[in-house]
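Here's my_file.cif, which has mmCIF, C-alpha atoms and all ligand atoms:
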```cif
data_final
#
loop_
_atom_site.group_PDB
_atom_site.id
_atom_site.type_symbol
_atom_site.label_atom_id
_atom_site.label_comp_id
_atom_site.auth_asym_id
_atom_site.auth_seq_id
_atom_site.Cartn_x
_atom_site.Cartn_y
_atom_site.Cartn_z
ATOM 1 C CA MET A 1 37.604 36.382 34.933
ATOM 2 C CA LEU A 2 38.324 32.889 33.825
ATOM 3 C CA PRO A 3 37.296 31.882 30.390
ATOM 4 C CA ILE A 4 34.775 29.170 30.603
ATOM 5 C CA ILE A 5 35.735 26.507 28.193
ATOM 6 C CA ARG A 6 33.126 24.039 27.585
ATOM 7 C CA LEU A 7 34.279 20.842 26.206
ATOM 8 C CA PHE A 8 31.664 18.985 24.466
ATOM 9 C CA SER A 9 33.362 15.704 24.523
ATOM 10 C CA ILE A 10 30.423 13.481 24.202
ATOM 11 C CA PRO A 11 31.623 10.554 22.191
ATOM 12 C CA MET A 12 29.372 9.787 19.352
ATOM 13 C CA LEU A 13 28.856 6.097 19.120
ATOM 14 C CA VAL A 14 28.023 5.224 15.616
ATOM 15 C CA LEU A 15 26.781 1.746 15.514
ATOM 16 C CA VAL A 16 27.271 0.224 12.176
ATOM 17 C CA ALA A 17 25.206 -2.845 11.796
ATOM 18 C CA THR A 18 27.182 -5.121 9.645
ATOM 19 C CA VAL A 19 25.249 -7.863 8.051
ATOM 20 C CA ALA A 20 28.165 -10.177 7.675
ATOM 21 C CA GLY A 21 27.497 -11.685 4.331
ATOM 22 C CA ALA A 22 24.587 -13.712 5.622
ATOM 23 C CA THR A 23 22.415 -14.048 2.586
ATOM 24 C CA GLU A 24 19.033 -15.390 3.381
ATOM 25 C CA PHE A 25 18.347 -18.884 2.245
ATOM 26 C CA GLU A 26 15.396 -19.161 -0.097
ATOM 27 C CA PRO A 27 14.251 -22.775 -0.321
ATOM 28 C CA GLU A 28 12.080 -22.214 -3.351
ATOM 29 C CA SER A 29 14.758 -20.762 -5.586
ATOM 30 C CA TYR A 30 17.387 -23.115 -4.182
ATOM 31 C CA HIS A 31 15.174 -26.013 -5.120
ATOM 32 C CA ALA A 32 14.488 -24.675 -8.597
ATOM 33 C CA ASN A 33 18.174 -24.107 -9.245
ATOM 34 C CA ASN A 34 19.682 -27.192 -7.638
ATOM 35 C CA CYS A 35 17.173 -29.926 -7.028
ATOM 36 C CA THR A 36 15.705 -30.386 -10.468
ATOM 37 C CA ARG A 37 18.778 -31.769 -12.179
ATOM 38 C CA CYS A 38 17.999 -35.429 -11.613
ATOM 39 C CA HIS A 39 14.249 -35.297 -11.084
ATOM 40 C CA ASP A 40 11.529 -32.712 -11.118
ATOM 41 C CA SER A 41 8.940 -32.165 -8.422
ATOM 42 C CA HIS A 42 6.806 -34.928 -9.924
ATOM 43 C CA VAL A 43 8.658 -37.467 -7.743
ATOM 44 C CA TYR A 44 7.156 -35.817 -4.663
ATOM 45 C CA VAL A 45 3.571 -36.365 -5.766
ATOM 46 C CA ARG A 46 3.670 -39.629 -7.682
ATOM 47 C CA ASP A 47 1.466 -42.447 -6.447
ATOM 48 C CA ASP A 48 4.325 -44.730 -5.427
ATOM 49 C CA ARG A 49 6.460 -42.073 -3.803
ATOM 50 C CA ARG A 50 9.043 -43.409 -1.412
ATOM 51 C CA VAL A 51 8.972 -40.856 1.320
ATOM 52 C CA THR A 52 6.134 -41.512 3.733
ATOM 53 C CA SER A 53 7.013 -39.524 6.858
ATOM 54 C CA TYR A 54 8.640 -36.282 7.921
ATOM 55 C CA PRO A 55 11.826 -37.966 9.227
ATOM 56 C CA ALA A 56 12.078 -39.922 5.987
ATOM 57 C CA LEU A 57 11.755 -36.658 4.063
ATOM 58 C CA GLN A 58 14.560 -35.138 6.122
ATOM 59 C CA ALA A 59 16.754 -38.141 5.415
ATOM 60 C CA GLN A 60 16.005 -38.152 1.674
ATOM 61 C CA VAL A 61 16.623 -34.419 1.262
ATOM 62 C CA ALA A 62 19.905 -34.775 3.156
ATOM 63 C CA ARG A 63 20.921 -37.670 0.854
ATOM 64 C CA CYS A 64 20.012 -35.767 -2.286
ATOM 65 C CA ASP A 65 21.739 -32.632 -1.033
ATOM 66 C CA ALA A 66 24.876 -34.662 -0.375
ATOM 67 C CA ASN A 67 24.849 -35.610 -4.061
ATOM 68 C CA LEU A 68 24.962 -31.970 -5.008
ATOM 69 C CA GLY A 69 28.116 -31.236 -3.094
ATOM 70 C CA THR A 70 26.781 -27.883 -1.927
ATOM 71 C CA LYS A 71 26.375 -29.189 1.622
ATOM 72 C CA LEU A 72 23.643 -27.039 3.080
ATOM 73 C CA PHE A 73 23.756 -25.836 6.667
ATOM 74 C CA PRO A 74 21.385 -27.786 8.927
ATOM 75 C CA ASP A 75 19.101 -24.746 9.319
ATOM 76 C CA ASP A 76 18.837 -24.305 5.568
ATOM 77 C CA LEU A 77 18.242 -28.010 5.118
ATOM 78 C CA THR A 78 15.327 -27.741 7.528
ATOM 79 C CA LEU A 79 13.913 -24.799 5.566
ATOM 80 C CA LEU A 80 14.171 -26.856 2.398
ATOM 81 C CA VAL A 81 12.496 -29.870 4.017
ATOM 82 C CA ASP A 82 9.719 -27.639 5.363
ATOM 83 C CA HIS A 83 9.267 -26.120 1.930
ATOM 84 C CA LEU A 84 8.795 -29.552 0.348
ATOM 85 C CA ASN A 85 6.616 -30.720 3.206
ATOM 86 C CA GLY A 86 4.433 -27.626 3.044
ATOM 87 C CA THR A 87 4.095 -27.740 -0.719
ATOM 88 C CA TYR A 88 3.874 -31.463 -1.454
ATOM 89 C CA TYR A 89 4.037 -33.977 1.369
ATOM 90 C CA LYS A 90 2.073 -32.313 4.173
ATOM 91 C CA PHE A 91 3.288 -34.661 6.903
ATOM 92 C CA ALA A 92 2.609 -33.930 10.533
ATOM 93 C CA LYS A 93 5.921 -33.373 12.305
HETATM 94 C C1 LIG B 1 22.249 -36.433 -8.242
HETATM 95 C C2 LIG B 1 20.855 -36.526 -8.584
HETATM 96 C C3 LIG B 1 19.848 -35.895 -7.624
HETATM 97 C C4 LIG B 1 19.812 -34.597 -7.207
HETATM 98 C C5 LIG B 1 20.722 -33.460 -7.598
HETATM 99 C C6 LIG B 1 18.687 -34.490 -6.307
HETATM 100 N N1 LIG B 1 18.054 -35.687 -6.205
HETATM 101 FE FE1 LIG B 1 16.377 -36.099 -5.123
HETATM 102 N N2 LIG B 1 16.381 -37.987 -5.814
HETATM 103 C C7 LIG B 1 17.317 -38.540 -6.650
HETATM 104 C C8 LIG B 1 16.967 -39.921 -6.935
HETATM 105 C C9 LIG B 1 17.751 -40.861 -7.837
HETATM 106 C C10 LIG B 1 15.768 -40.158 -6.242
HETATM 107 C C11 LIG B 1 14.979 -41.443 -6.224
HETATM 108 C C12 LIG B 1 14.022 -41.343 -7.374
HETATM 109 C C13 LIG B 1 13.242 -42.580 -7.548
HETATM 110 O O1 LIG B 1 13.072 -43.320 -6.594
HETATM 111 O O2 LIG B 1 12.738 -42.765 -8.667
HETATM 112 C C14 LIG B 1 15.420 -38.933 -5.541
HETATM 113 C C15 LIG B 1 14.312 -38.782 -4.745
HETATM 114 C C16 LIG B 1 14.012 -37.667 -4.013
HETATM 115 C C17 LIG B 1 12.926 -37.548 -3.076
HETATM 116 C C18 LIG B 1 11.929 -38.645 -2.707
HETATM 117 C C19 LIG B 1 10.762 -38.673 -3.689
HETATM 118 C C20 LIG B 1 9.722 -39.671 -3.226
HETATM 119 O O3 LIG B 1 9.618 -40.744 -3.834
HETATM 120 O O4 LIG B 1 8.991 -39.348 -2.250
HETATM 121 C C21 LIG B 1 12.983 -36.302 -2.544
HETATM 122 C C22 LIG B 1 12.064 -35.702 -1.490
HETATM 123 C C23 LIG B 1 14.098 -35.626 -3.158
HETATM 124 N N3 LIG B 1 14.698 -36.467 -4.049
HETATM 125 C C24 LIG B 1 14.485 -34.340 -2.877
HETATM 126 C C25 LIG B 1 15.564 -33.706 -3.480
HETATM 127 C C26 LIG B 1 15.978 -32.377 -3.139
HETATM 128 C C27 LIG B 1 15.317 -31.478 -2.101
HETATM 129 C C28 LIG B 1 17.070 -32.085 -3.900
HETATM 130 C C29 LIG B 1 17.918 -30.836 -3.863
HETATM 131 C C30 LIG B 1 18.636 -30.612 -2.625
HETATM 132 C C31 LIG B 1 17.324 -33.250 -4.740
HETATM 133 N N4 LIG B 1 16.391 -34.208 -4.450
HETATM 134 C C32 LIG B 1 18.345 -33.331 -5.664
HETATM 135 C C33 LIG B 1 18.416 -37.905 -7.172
HETATM 136 C C34 LIG B 1 18.743 -36.582 -6.987
#
```
Show the structure stored in the file as structure tokens.
Amino acid sequence: MLPIIRLFSIPMLVLVATVAGATEFEPESYHANNCTRCHDSHVYVRDDRRVTSYPALQAQVARCDANLGTKLFPDDLTLLVDHLNGTYYKFAK
């Protein structure tokens, strides 16, 4: 009689989902912490505000962000623009 050796060699694949340091961008807190140094949100709602279209808002936010030196990623910049547009400007895209 031969000993029956059963080899349970089923490899266990442990999938470790690594969230590689990608912290989610939060436009509201980013704005509160970074964008209120030179002006507060009053500039977005004043009567003679400069920005009068969505592309102009994109351009202005990019200019102001460049002043900060933090250099946001394009995706995050868009989230920030959409946050301002949704809260204050309400332009059609
Ligand atoms: C280094 C100073 C500075 C910082 C920091 C700054 N801004 Fe500005 N921002 C300005 C100046 C100056 C103006 C023009 C204000 C004026 O015309 O009276 C302006 C104007 C604006 C306007 C146009 C307002 C209008 O008239 O419609 C927007 C929108 C704006 N900033 C967004 C931002 C955002 C978003 C941030 C953060 C990423 C930011 N700013 C950070 C200096 C700054």
For this session: Residues within 7 Å of ligand LIG 1 (chain B), counting only C-alpha atoms and all ligand atoms: report them as a list in words.
Result: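 These are the residues that qualify: His31, Asn34, Cys35, Thr36, Arg37, Cys38, His39, Val43, Tyr44, Asp48, Arg49, Arg50, Val51, Thr52, Leu57, Gln60, Val61, Cys64, Asp65, Asn67, Leu68, Leu80 and Val81 of chain A.
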For this session: Provide the atom CA of Phe91 of chain A to atom CA of Lys71 of chain A distance in Å, to one decimal place.
Result: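 Taking atom CA of Phe91 of chain A as the start and atom CA of Lys71 of chain A as the end point, the length is 24.3 Å.
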For this session: Go ahead and compute the interatomic distance for atom CA of Lys93 of chain A and atom CA of Tyr54 of chain A, in Å to one decimal.
Result: 5.9 Å
Exercise. Taking only C-alpha atoms into account, which of A:Gly86, A:Asn33, A:Arg46, A:Glu24 comes nearest Thr70 of chain A?
Worked result: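 Residue with the minimum atom-to-atom distance to Thr70 of chain A: A:Asn33.
Here atom CA of Pro55 of chain A is placed at a distance of 27.0 Å from atom CA of Thr23 of chain A.
If you measure from each of A:Ala32, A:Ala59, A:Asp76, A:Ser53 to Ala92 of chain A using only C-alpha atoms, the closest one turns out to be A:Ser53.
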Exercise. Which of these, A:Ser29, A:Asp40, A:Pro74, A:Val45, has the shortest distance to Lys90 of chain A once you count all atoms listed in the file?
Worked result: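 Comparing A:Ser29, A:Asp40, A:Pro74, A:Val45 against Lys90 of chain A, the winner is A:Val45.
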Problem set entry | Pick from A:Glu26, A:Phe73, A:Ala56, A:Ala62, whichever lies nearest to Tyr89 of chain A using all atoms listed in the file | A:Ala56
